[in-house]
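Have a look at upload_9.pdb below; it lists PDB, C-alpha atoms.
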ATOM      1  CA  MET Q   1       0.000   0.000   0.000
ATOM      2  CA  MET Q   2       1.298   3.463  -0.928
ATOM      3  CA  ARG Q   3       2.202   5.607   2.057
ATOM      4  CA  ASN Q   4       2.268   9.426   2.013
ATOM      5  CA  LEU Q   5       4.607  11.691   3.953
ATOM      6  CA  ASP Q   6       2.999  14.514   5.902
ATOM      7  CA  ILE Q   7       4.414  17.985   5.226
ATOM      8  CA  THR Q   8       3.716  19.200   8.767
ATOM      9  CA  THR Q   9       5.635  16.256  10.199
ATOM     10  CA  LEU Q  10       8.548  16.869   7.831
ATOM     11  CA  ARG Q  11       8.594  20.532   8.859
ATOM     12  CA  SER Q  12       8.951  19.509  12.502
ATOM     13  CA  PHE Q  13      11.763  17.105  11.613
ATOM     14  CA  VAL Q  14      13.685  19.799   9.710
ATOM     15  CA  ALA Q  15      13.156  22.295  12.551
ATOM     16  CA  VAL Q  16      14.610  19.839  15.083
ATOM     17  CA  ALA Q  17      17.596  19.184  12.792
ATOM     18  CA  ASP Q  18      18.171  22.925  12.334
ATOM     19  CA  THR Q  19      17.828  23.949  15.974
ATOM     20  CA  GLY Q  20      19.367  20.881  17.588
ATOM     21  CA  GLY Q  21      16.499  20.139  19.947
ATOM     22  CA  VAL Q  22      12.775  19.562  20.308
ATOM     23  CA  THR Q  23      12.271  22.500  22.695
ATOM     24  CA  ARG Q  24      13.751  25.122  20.356
ATOM     25  CA  ALA Q  25      11.979  23.572  17.379
ATOM     26  CA  ALA Q  26       8.646  23.717  19.205
ATOM     27  CA  SER Q  27       9.205  27.379  20.045
ATOM     28  CA  PHE Q  28      10.107  28.161  16.446
ATOM     29  CA  LEU Q  29       7.065  26.304  15.067
ATOM     30  CA  HIS Q  30       4.717  27.695  17.760
ATOM     31  CA  LEU Q  31       3.785  24.166  18.801
ATOM     32  CA  THR Q  32       3.983  22.340  22.099
ATOM     33  CA  GLN Q  33       7.026  20.193  22.785
ATOM     34  CA  SER Q  34       4.820  17.096  23.071
ATOM     35  CA  ALA Q  35       3.239  17.798  19.667
ATOM     36  CA  VAL Q  36       6.649  17.954  17.982
ATOM     37  CA  SER Q  37       7.811  14.783  19.763
ATOM     38  CA  MET Q  38       4.646  12.979  18.660
ATOM     39  CA  GLN Q  39       5.150  14.018  15.052
ATOM     40  CA  LEU Q  40       8.749  12.769  15.087
ATOM     41  CA  LYS Q  41       7.674   9.455  16.608
ATOM     42  CA  ARG Q  42       4.950   9.060  13.969
ATOM     43  CA  LEU Q  43       7.438   9.787  11.183
ATOM     44  CA  GLU Q  44       9.924   7.211  12.511
ATOM     45  CA  GLU Q  45       7.176   4.599  12.877
ATOM     46  CA  MET Q  46       5.943   5.196   9.346
ATOM     47  CA  LEU Q  47       9.405   4.860   7.811
ATOM     48  CA  GLY Q  48      10.477   2.082  10.152
ATOM     49  CA  VAL Q  49      13.836   3.704  10.972
ATOM     50  CA  GLU Q  50      15.313   5.871  13.711
ATOM     51  CA  LEU Q  51      15.912   9.398  12.441
ATOM     52  CA  LEU Q  52      17.311  11.044  15.583
ATOM     53  CA  ASP Q  53      20.264  10.073  17.744
ATOM     54  CA  ARG Q  54      19.121  10.781  21.293
ATOM     55  CA  SER Q  55      22.136   9.242  23.055
ATOM     56  CA  GLY Q  56      24.013  12.513  23.632
ATOM     57  CA  ARG Q  57      23.224  15.762  25.413
ATOM     58  CA  SER Q  58      21.898  17.266  22.209
ATOM     59  CA  ILE Q  59      19.848  15.587  19.532
ATOM     60  CA  GLY Q  60      21.734  14.570  16.391
ATOM     61  CA  LEU Q  61      20.779  12.839  13.177
ATOM     62  CA  THR Q  62      21.267   9.165  12.432
ATOM     63  CA  SER Q  63      22.489   8.162   8.981
ATOM     64  CA  SER Q  64      18.856   7.640   7.970
ATOM     65  CA  GLY Q  65      17.997  11.067   9.359
ATOM     66  CA  GLU Q  66      20.784  12.723   7.372
ATOM     67  CA  GLN Q  67      19.523  11.009   4.236
ATOM     68  CA  LEU Q  68      15.954  12.158   4.845
ATOM     69  CA  LEU Q  69      16.950  15.753   5.647
ATOM     70  CA  GLY Q  70      17.892  16.687   2.081
ATOM     71  CA  PHE Q  71      14.668  15.247   0.664
ATOM     72  CA  ALA Q  72      12.611  16.897   3.390
ATOM     73  CA  ARG Q  73      14.069  20.310   2.593
ATOM     74  CA  LYS Q  74      13.229  19.899  -1.088
ATOM     75  CA  MET Q  75       9.654  18.838  -0.310
ATOM     76  CA  LEU Q  76       9.129  21.779   2.044
ATOM     77  CA  SER Q  77      10.579  24.187  -0.480
ATOM     78  CA  LEU Q  78       8.290  22.893  -3.226
ATOM     79  CA  ASN Q  79       5.275  22.924  -0.903
ATOM     80  CA  ASP Q  80       5.927  26.529   0.146
ATOM     81  CA  GLU Q  81       6.473  27.646  -3.439
ATOM     82  CA  ILE Q  82       3.174  26.093  -4.551
ATOM     83  CA  ILE Q  83       1.267  27.744  -1.691
ATOM     84  CA  THR Q  84       2.870  31.101  -2.417
ATOM     85  CA  ARG Q  85       2.150  31.046  -6.143
ATOM     86  CA  LEU Q  86      -1.400  29.728  -5.999
ATOM     87  CA  THR Q  87      -2.788  31.730  -3.089
ATOM     88  CA  ASP Q  88      -3.039  35.389  -2.238
ATOM     89  CA  GLN Q  89      -2.457  34.834   1.484
ATOM     90  CA  ALA Q  90       1.263  35.636   1.490
ATOM     91  CA  PHE Q  91       2.577  38.473   3.623
ATOM     92  CA  GLU Q  92       3.450  41.795   2.062
ATOM     93  CA  GLY Q  93       5.724  44.266   3.735
ATOM     94  CA  GLU Q  94       9.253  45.461   4.335
ATOM     95  CA  VAL Q  95      11.863  44.981   7.055
ATOM     96  CA  THR Q  96      15.164  46.816   7.496
ATOM     97  CA  LEU Q  97      18.067  44.888   9.026
ATOM     98  CA  GLY Q  98      21.442  46.316  10.058
ATOM     99  CA  VAL Q  99      24.499  44.091  10.588
ATOM    100  CA  PRO Q 100      28.207  44.866  11.185
ATOM    101  CA  HIS Q 101      30.487  44.012   8.246
ATOM    102  CA  ASP Q 102      32.426  41.379  10.150
ATOM    103  CA  VAL Q 103      29.506  39.147  11.168
ATOM    104  CA  VAL Q 104      27.542  39.120   7.920
ATOM    105  CA  HIS Q 105      28.959  35.740   6.895
ATOM    106  CA  PRO Q 106      28.037  32.940   7.175
ATOM    107  CA  VAL Q 107      24.788  33.463   9.069
ATOM    108  CA  VAL Q 108      23.032  36.439   7.480
ATOM    109  CA  PRO Q 109      22.915  35.266   3.828
ATOM    110  CA  MET Q 110      21.455  31.931   4.943
ATOM    111  CA  VAL Q 111      18.924  33.682   7.178
ATOM    112  CA  MET Q 112      17.826  35.948   4.343
ATOM    113  CA  GLN Q 113      17.468  33.019   1.968
ATOM    114  CA  ARG Q 114      15.275  31.038   4.325
ATOM    115  CA  PHE Q 115      13.214  34.117   5.182
ATOM    116  CA  ASN Q 116      12.653  34.772   1.489
ATOM    117  CA  VAL Q 117      11.321  31.243   0.997
ATOM    118  CA  GLN Q 118       8.836  31.692   3.817
ATOM    119  CA  PHE Q 119       7.943  35.338   3.153
ATOM    120  CA  PRO Q 120       8.629  35.928  -0.564
ATOM    121  CA  ARG Q 121       6.578  39.126  -0.661
ATOM    122  CA  VAL Q 122       8.407  40.784   2.200
ATOM    123  CA  LYS Q 123      11.372  42.877   1.136
ATOM    124  CA  VAL Q 124      14.452  42.715   3.367
ATOM    125  CA  ASN Q 125      16.665  45.800   3.218
ATOM    126  CA  LEU Q 126      20.106  44.800   4.511
ATOM    127  CA  CYS Q 127      22.554  47.500   5.577
ATOM    128  CA  THR Q 128      26.105  46.720   6.695
ATOM    129  CA  SER Q 129      27.934  49.278   8.802
ATOM    130  CA  ASN Q 130      29.770  49.554  12.120
ATOM    131  CA  THR Q 131      28.118  48.975  15.476
ATOM    132  CA  ARG Q 132      28.251  52.622  16.592
ATOM    133  CA  ASP Q 133      26.433  53.882  13.501
ATOM    134  CA  LEU Q 134      23.969  50.996  13.547
ATOM    135  CA  LYS Q 135      22.956  51.726  17.137
ATOM    136  CA  ALA Q 136      22.640  55.444  16.470
ATOM    137  CA  ASP Q 137      20.469  54.858  13.406
ATOM    138  CA  PHE Q 138      18.414  52.263  15.281
ATOM    139  CA  GLU Q 139      17.586  54.848  17.938
ATOM    140  CA  ARG Q 140      16.462  57.188  15.165
ATOM    141  CA  GLY Q 141      14.052  54.518  13.907
ATOM    142  CA  ARG Q 142      15.892  53.666  10.720
ATOM    143  CA  PHE Q 143      16.052  49.912  11.425
ATOM    144  CA  ASP Q 144      13.552  47.299  12.528
ATOM    145  CA  LEU Q 145      16.340  44.970  13.718
ATOM    146  CA  ILE Q 146      20.075  45.334  14.190
ATOM    147  CA  VAL Q 147      22.836  42.920  15.130
ATOM    148  CA  THR Q 148      25.842  44.388  16.966
ATOM    149  CA  THR Q 149      29.260  43.327  18.241
ATOM    150  CA  GLU Q 150      29.901  44.727  21.716
ATOM    151  CA  SER Q 151      32.098  44.038  24.727
ATOM    152  CA  VAL Q 152      29.030  43.843  26.969
ATOM    153  CA  SER Q 153      25.399  42.851  26.783
ATOM    154  CA  GLY Q 154      23.822  45.965  25.364
ATOM    155  CA  THR Q 155      21.047  47.734  27.256
ATOM    156  CA  GLY Q 156      17.774  47.054  25.479
ATOM    157  CA  GLY Q 157      19.193  44.168  23.444
ATOM    158  CA  GLU Q 158      19.627  40.445  23.905
ATOM    159  CA  THR Q 159      22.900  38.555  23.632
ATOM    160  CA  ILE Q 160      22.440  35.743  21.091
ATOM    161  CA  HIS Q 161      26.073  34.596  20.744
ATOM    162  CA  GLN Q 162      29.614  35.263  21.956
ATOM    163  CA  MET Q 163      32.802  35.273  19.871
ATOM    164  CA  PRO Q 164      36.437  35.836  20.980
ATOM    165  CA  LEU Q 165      38.560  38.613  19.519
ATOM    166  CA  ARG Q 166      41.919  37.669  18.021
ATOM    167  CA  TRP Q 167      45.008  39.541  16.839
ATOM    168  CA  ILE Q 168      45.227  39.178  13.053
ATOM    169  CA  GLY Q 169      48.229  39.593  10.752
ATOM    170  CA  ALA Q 170      49.558  38.745   7.319
ATOM    171  CA  LEU Q 171      50.261  35.136   6.419
ATOM    172  CA  ASN Q 172      53.673  34.284   7.909
ATOM    173  CA  GLY Q 173      53.997  37.923   8.949
ATOM    174  CA  HIS Q 174      56.466  39.409  11.426
ATOM    175  CA  THR Q 175      55.114  42.907  12.122
ATOM    176  CA  TRP Q 176      53.523  41.745  15.375
ATOM    177  CA  ARG Q 177      57.028  41.287  16.837
ATOM    178  CA  GLN Q 178      58.014  44.948  16.278
ATOM    179  CA  ARG Q 179      57.806  47.671  18.923
ATOM    180  CA  PRO Q 180      56.145  50.030  18.852
ATOM    181  CA  LEU Q 181      53.464  47.711  17.513
ATOM    182  CA  ARG Q 182      51.984  48.978  14.259
ATOM    183  CA  ILE Q 183      48.208  48.582  14.247
ATOM    184  CA  GLY Q 184      45.530  49.322  11.668
ATOM    185  CA  PHE Q 185      41.848  50.103  12.209
ATOM    186  CA  CYS Q 186      38.991  51.971  10.601
ATOM    187  CA  ARG Q 187      38.172  55.164  12.463
ATOM    188  CA  ASN Q 188      34.769  53.932  13.630
ATOM    189  CA  CYS Q 189      35.787  50.334  14.351
ATOM    190  CA  ILE Q 190      34.476  49.320  17.775
ATOM    191  CA  PHE Q 191      37.472  47.008  18.255
ATOM    192  CA  ARG Q 192      39.918  49.916  18.000
ATOM    193  CA  GLY Q 193      39.420  51.139  21.572
ATOM    194  CA  VAL Q 194      39.382  47.573  22.886
ATOM    195  CA  ALA Q 195      42.754  46.821  21.289
ATOM    196  CA  THR Q 196      44.510  50.050  22.297
ATOM    197  CA  ALA Q 197      43.233  49.750  25.880
ATOM    198  CA  ALA Q 198      44.591  46.197  26.077
ATOM    199  CA  LEU Q 199      47.972  47.316  24.717
ATOM    200  CA  ASP Q 200      48.162  50.245  27.124
ATOM    201  CA  GLU Q 201      47.312  48.014  30.075
ATOM    202  CA  ALA Q 202      50.027  45.545  29.004
ATOM    203  CA  GLY Q 203      52.570  48.374  28.649
ATOM    204  CA  ILE Q 204      53.114  47.708  24.952
ATOM    205  CA  ALA Q 205      53.966  50.781  22.863
ATOM    206  CA  TRP Q 206      51.932  51.128  19.661
ATOM    207  CA  GLU Q 207      51.399  53.439  16.714
ATOM    208  CA  MET Q 208      48.576  53.707  14.202
ATOM    209  CA  ALA Q 209      49.931  52.485  10.870
ATOM    210  CA  VAL Q 210      46.675  53.096   8.995
ATOM    211  CA  ASP Q 211      43.752  55.275  10.001
ATOM    212  CA  SER Q 212      41.082  55.073   7.323
ATOM    213  CA  GLU Q 213      37.344  55.038   6.717
ATOM    214  CA  SER Q 214      37.822  52.075   4.373
ATOM    215  CA  ASP Q 215      37.794  48.454   5.548
ATOM    216  CA  ARG Q 216      39.562  47.494   2.322
ATOM    217  CA  THR Q 217      42.422  49.891   3.029
ATOM    218  CA  VAL Q 218      42.955  48.417   6.479
ATOM    219  CA  GLU Q 219      42.672  44.866   5.108
ATOM    220  CA  ALA Q 220      45.294  45.566   2.434
ATOM    221  CA  THR Q 221      47.705  47.127   4.952
ATOM    222  CA  VAL Q 222      47.419  44.196   7.359
ATOM    223  CA  SER Q 223      47.720  41.685   4.503
ATOM    224  CA  ALA Q 224      50.929  43.408   3.375
ATOM    225  CA  ASP Q 225      52.413  42.847   6.863
ATOM    226  CA  LEU Q 226      52.563  46.585   7.498
ATOM    227  CA  ALA Q 227      50.255  46.433  10.510
ATOM    228  CA  VAL Q 228      48.256  44.044  12.671
ATOM    229  CA  GLY Q 229      44.542  44.221  13.315
ATOM    230  CA  VAL Q 230      41.828  42.682  15.447
ATOM    231  CA  LEU Q 231      38.911  40.577  14.215
ATOM    232  CA  LEU Q 232      36.417  38.132  15.601
ATOM    233  CA  GLU Q 233      37.765  34.605  15.537
ATOM    234  CA  GLY Q 234      36.961  32.887  12.279
ATOM    235  CA  THR Q 235      36.114  36.051  10.336
ATOM    236  CA  GLN Q 236      39.612  36.782   8.991
ATOM    237  CA  PRO Q 237      40.021  36.575   5.173
ATOM    238  CA  ALA Q 238      42.030  33.763   3.589
ATOM    239  CA  HIS Q 239      45.094  35.990   3.109
ATOM    240  CA  GLN Q 240      45.346  36.772   6.831
ATOM    241  CA  GLN Q 241      45.820  34.570   9.890
ATOM    242  CA  VAL Q 242      45.377  34.555  13.651
ATOM    243  CA  ILE Q 243      48.687  35.535  15.266
ATOM    244  CA  GLU Q 244      50.057  32.811  17.519
ATOM    245  CA  HIS Q 245      51.950  35.211  19.773
ATOM    246  CA  ASN Q 246      52.325  32.962  22.858
ATOM    247  CA  GLY Q 247      51.566  35.811  25.231
ATOM    248  CA  SER Q 248      53.609  38.500  23.464
ATOM    249  CA  LEU Q 249      50.369  40.391  22.817
ATOM    250  CA  PRO Q 250      47.621  40.969  25.387
ATOM    251  CA  GLN Q 251      44.559  38.767  25.666
ATOM    252  CA  LEU Q 252      41.473  40.314  24.083
ATOM    253  CA  PRO Q 253      37.947  40.078  25.500
ATOM    254  CA  VAL Q 254      35.081  38.025  24.182
ATOM    255  CA  GLN Q 255      32.566  40.018  22.190
ATOM    256  CA  HIS Q 256      28.800  39.774  22.578
ATOM    257  CA  ILE Q 257      26.668  39.420  19.474
ATOM    258  CA  ASN Q 258      23.581  41.405  20.454
ATOM    259  CA  LEU Q 259      20.186  41.655  18.780
ATOM    260  CA  TYR Q 260      18.061  44.799  19.099
ATOM    261  CA  GLY Q 261      14.463  45.401  18.060
ATOM    262  CA  ALA Q 262      12.951  41.965  18.555
ATOM    263  CA  ASP Q 263      11.077  43.129  21.654
ATOM    264  CA  ARG Q 264       9.263  45.845  19.728
ATOM    265  CA  ALA Q 265       8.547  44.043  16.451
ATOM    266  CA  ARG Q 266       5.374  45.489  14.935
ATOM    267  CA  ALA Q 267       4.839  42.730  12.376
ATOM    268  CA  GLN Q 268       4.848  38.960  12.711
ATOM    269  CA  TYR Q 269       7.386  38.559   9.931
ATOM    270  CA  VAL Q 270       9.864  40.822  11.785
ATOM    271  CA  ASP Q 271       9.548  38.590  14.842
ATOM    272  CA  HIS Q 272      10.114  35.571  12.592
ATOM    273  CA  LEU Q 273      13.251  37.113  11.086
ATOM    274  CA  ALA Q 274      14.581  37.756  14.601
ATOM    275  CA  GLU Q 275      14.087  34.086  15.477
ATOM    276  CA  LEU Q 276      15.929  32.981  12.330
ATOM    277  CA  ILE Q 277      18.842  35.235  13.321
ATOM    278  CA  ARG Q 278      18.905  33.697  16.807
ATOM    279  CA  GLN Q 279      18.938  30.202  15.323
ATOM    280  CA  GLY Q 280      21.695  31.104  12.893
ATOM    281  CA  PHE Q 281      24.133  32.373  15.489
ATOM    282  CA  ALA Q 282      23.218  29.575  17.916
ATOM    283  CA  GLY Q 283      24.175  27.116  15.192
ATOM    284  CA  LEU Q 284      27.726  28.466  15.082
ATOM    285  CA  SER Q 285      28.406  26.976  18.520
ATOM    286  CA  GLN Q 286      26.763  23.597  17.946
ATOM    287  CA  PRO Q 287      29.344  21.190  16.439
ATOM    288  CA  GLY Q 288      26.661  18.617  15.808
ATOM    289  CA  LEU Q 289      24.978  20.932  13.345
ATOM    290  CA  ARG Q 290      28.057  21.706  11.276
ATOM    291  CA  ALA Q 291      27.458  18.679   9.082
ATOM    292  CA  VAL Q 292      24.507  20.569   7.686
ATOM    293  CA  GLY Q 293      26.285  23.921   8.072
ATOM    294  CA  THR Q 294      25.813  25.593   4.731
ATOM    295  CA  GLU Q 295      22.305  24.141   4.455
ATOM    296  CA  MET Q 296      21.214  24.852   7.958
ATOM    297  CA  LEU Q 297      19.150  27.986   7.533
ATOM    298  CA  SER Q 298      17.488  27.532   4.177
ATOM    299  CA  ALA Q 299      15.106  25.172   2.530
ATOM    300  CA  GLY Q 300      17.490  25.011  -0.407
ATOM    301  CA  GLY Q 301      20.601  25.484   1.674
ATOM    302  CA  GLN Q 302      23.199  27.342  -0.432
ATOM    303  CA  ARG Q 303      25.372  30.015   1.077
ATOM    304  CA  GLY Q 304      24.553  33.430  -0.296
ATOM    305  CA  VAL Q 305      26.135  36.843  -0.645
ATOM    306  CA  ALA Q 306      24.733  39.772   1.284
TER
END
Rewrite the structure from the file as structure tokens, please.
Amino acid sequence: MMRNLDITTLRSFVAVADTGGVTRAASFLHLTQSAVSMQLKRLEEMLGVELLDRSGRSIGLTSSGEQLLGFARKMLSLNDEIITRLTDQAFEGEVTLGVPHDVVHPVVPMVMQRFNVQFPRVKVNLCTSNTRDLKADFERGRFDLIVTTESVSGTGGETIHQMPLRWIGALNGHTWRQRPLRIGFCRNCIFRGVATAALDEAGIAWEMAVDSESDRTVEATVSADLAVGVLLEGTQPAHQQVIEHNGSLPQLPVQHINLYGADRARAQYVDHLAELIRQGFAGLSQPGLRAVGTEMLSAGGQRGVA
């Protein structure tokens, strides 16, 4: 007898795979935890295989679950496209999102792609800038949501992730050994004051090798081994590297990735975008989800360009 897969059940399965747990998936889907668990159990019973590995602290996918995940994403994508094209019930609107340059990738393009699948008639205006300007413009009402990088949990925002700062230099560079230390930052870079304060506290003499409004200018100077810079771990370009200084440079603080605006969202789709952003940054710290890393936040799953 022919058996049919249920789209709602598949949506719960994909949500659990994306978020790493039934509780977060239930919150995202606006369902009870027991309802999601029941749907997963029904799906496993229908297929006659275990889809989830529940032996660890967090839920992972079995080999059968990994195989199903790709098909499930395709079915959900096709289902959502059909509903969108053949009904007039889709949302219409606009949302403005501000994100610092250095944390756009890899989360934001994937978030925007998934949001577009679910809300194809809502326009997302993405603006990349520095945290200071983003917060100032947010207070003026220019943005619905902003993501920031700050040394503390920002007043009025929520911390959704934390990332360590690292000293960055040219590949196989030597400038970091020189004194005074030559450093390069954009004028409005929020990491500039953090770095100079750490150097001053450590008693390390420094001089500003490049002082520019352009991120590209600073990047080129650091890549040429004419200065060192500071970036969030994992965000350095391929032609730069984390400096293994063995204590010759001061330790830098962890930065908070903060989200502002979610508490005052005026439209349901803005609240939904905020939740996708939370999920995206949460996924960066869940090793079990990295197997589906570039797929994680979209029904189709390809990494985009903001």
TODO: Specify as a ChimeraX atom specification each residue included when the PyMOL selection byres ((chain Q and resi 258) around 7) is applied to this file.
DONE: /Q:147-149,153-154,157-160,256-257,259-260
Task: Shell of 12 Å around Q:Gln33, all atoms listed in the file, local chain residues under 6 positions omitted, as a list in words - done: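 Listed by chain and then number, they are Ser12, Val16, Gly21, Val22, Thr23, Arg24, Ala25, Ala26, Ser27, Gln39 and Leu40 of chain Q.
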Hits of the PyMOL selection byres ((chain Q and resi 126) around 6) in this structure, as a CSV table (one decimal) with C-alpha atoms, keeping the file's coordinate frame:
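Final output, expr36.csv:
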chain,number,residue,atom,x,y,z
Q,97,LEU,CA,18.1,44.9,9.0
Q,98,GLY,CA,21.4,46.3,10.1
Q,125,ASN,CA,16.7,45.8,3.2
Q,127,CYS,CA,22.6,47.5,5.6
Open item on the list: Quick check on the file I pasted: which residues fall under the PyMOL selection byres ((chain Q and resi 265-272) around 9)? Write them as a PyMOL selection string.
Closed with: chain Q and resi 28+91+93-95+115+119+122+144-145+261-264+273-277
Give me a file of those residues, with C-alpha atoms, as a CSV table (one decimal), keeping the file's coordinate frame.
chain,number,residue,atom,x,y,z
Q,28,PHE,CA,10.1,28.2,16.4
Q,91,PHE,CA,2.6,38.5,3.6
Q,93,GLY,CA,5.7,44.3,3.7
Q,94,GLU,CA,9.3,45.5,4.3
Q,95,VAL,CA,11.9,45.0,7.1
Q,115,PHE,CA,13.2,34.1,5.2
Q,119,PHE,CA,7.9,35.3,3.2
Q,122,VAL,CA,8.4,40.8,2.2
Q,144,ASP,CA,13.6,47.3,12.5
Q,145,LEU,CA,16.3,45.0,13.7
Q,261,GLY,CA,14.5,45.4,18.1
Q,262,ALA,CA,13.0,42.0,18.6
Q,263,ASP,CA,11.1,43.1,21.7
Q,264,ARG,CA,9.3,45.8,19.7
Q,273,LEU,CA,13.3,37.1,11.1
Q,274,ALA,CA,14.6,37.8,14.6
Q,275,GLU,CA,14.1,34.1,15.5
Q,276,LEU,CA,15.9,33.0,12.3
Q,277,ILE,CA,18.8,35.2,13.3
Task: Separation of atom CA of Q:Val152 from atom CA of Q:Val230, in Å and rounded to one decimal - done: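 If I compute the distance from atom CA of Q:Val152 to atom CA of Q:Val230, I get 17.3 Å.
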Task: Distance criterion (all atoms listed in the file): nearest to Q:Gly20 out of Q:Ile190, Q:Leu47, Q:Arg54, Q:Thr8 - done: Q:Arg54
Task: Within-10 Å shell of (10.8, 21.2, 10.2) in input frame, only C-alpha atoms, as a ChimeraX atom specification - done: /Q:7-19,25-26,28-29,36,40,69,72-73,76,299
Task: Nearby residues (all atoms listed in the file) at most 12 Å from Q:Val49, same-chain spacing under 4 positions excluded, as a list in words - done: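 Near Q:Val49, the qualifying residues are Leu40, Lys41, Arg42, Leu43, Glu44, Glu45, Asp53, Leu61, Thr62, Ser63, Ser64, Gly65, Glu66, Gln67 and Leu68 of chain Q.
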For the residues in that selection, give me C-alpha atoms as a short mmCIF file (atom, residue, chain, number, x, y, z; two decimals), in the coordinates of the input.
data_model
loop_
_atom_site.label_atom_id
_atom_site.label_comp_id
_atom_site.auth_asym_id
_atom_site.auth_seq_id
_atom_site.Cartn_x
_atom_site.Cartn_y
_atom_site.Cartn_z
CA LEU Q 40 8.75 12.77 15.09
CA LYS Q 41 7.67 9.46 16.61
CA ARG Q 42 4.95 9.06 13.97
CA LEU Q 43 7.44 9.79 11.18
CA GLU Q 44 9.92 7.21 12.51
CA GLU Q 45 7.18 4.60 12.88
CA ASP Q 53 20.26 10.07 17.74
CA LEU Q 61 20.78 12.84 13.18
CA THR Q 62 21.27 9.16 12.43
CA SER Q 63 22.49 8.16 8.98
CA SER Q 64 18.86 7.64 7.97
CA GLY Q 65 18.00 11.07 9.36
CA GLU Q 66 20.78 12.72 7.37
CA GLN Q 67 19.52 11.01 4.24
CA LEU Q 68 15.95 12.16 4.84
#
Open item on the list: Please compute the atom CA of Q:Asn4-atom CA of Q:Lys74 distance, one decimal, in Å.
Closed with: 15.5 Å
- [ ] Between atom CA of Q:Gln118 and atom CA of Q:His161, measure the distance and give it in Å to one decimal.
- [x]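 Spanning atom CA of Q:Gln118 to atom CA of Q:His161 is a straight-line distance of 24.3 Å.
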- [ ] May I ask which of the residues Q:Gly247, Q:Gly60, Q:Gly203, Q:Pro253 is the closest one to Q:Arg177, counting all atoms listed in the file?
- [x] Q:Gly247
Task: Counting all atoms listed in the file, the option among Q:Arg182, Q:Leu226, Q:Thr96, Q:Thr235 closest to Q:Gly141 - done: Q:Thr96
Open item on the list: Measuring between all atoms listed in the file, which one of Q:Leu86, Q:Leu231, Q:Met38, Q:Ala205 shows the shortest distance to Q:Cys189?
Closed with: Q:Leu231
Task: Neighbours of point (29.7, 33.1, 19.0) within 12 Å, using all atoms listed in the file, written as a count of residues only - done: 30
Task: Minimum-distance residue to Q:Ser223, chosen among Q:Ala170, Q:Cys186, Q:Val210, Q:Leu249 (using only C-alpha atoms) - done: Q:Ala170
Open item on the list: Which residue is closest to Q:Asn130? Choose from Q:Asn188, Q:Asn172, Q:Asn79, Q:Thr155 and count all atoms listed in the file.
Closed with: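 The answer is Q:Asn188, which sits nearest to Q:Asn130.
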Open item on the list: Need to verify the contact set: Q:His239, 12 Å, all atoms listed in the file, exclusion of same-chain residues closer than 4 positions in sequence. Can you return it as an MDAnalysis selection string?
Closed with: chainID Q and resid 168:173 219:225 235
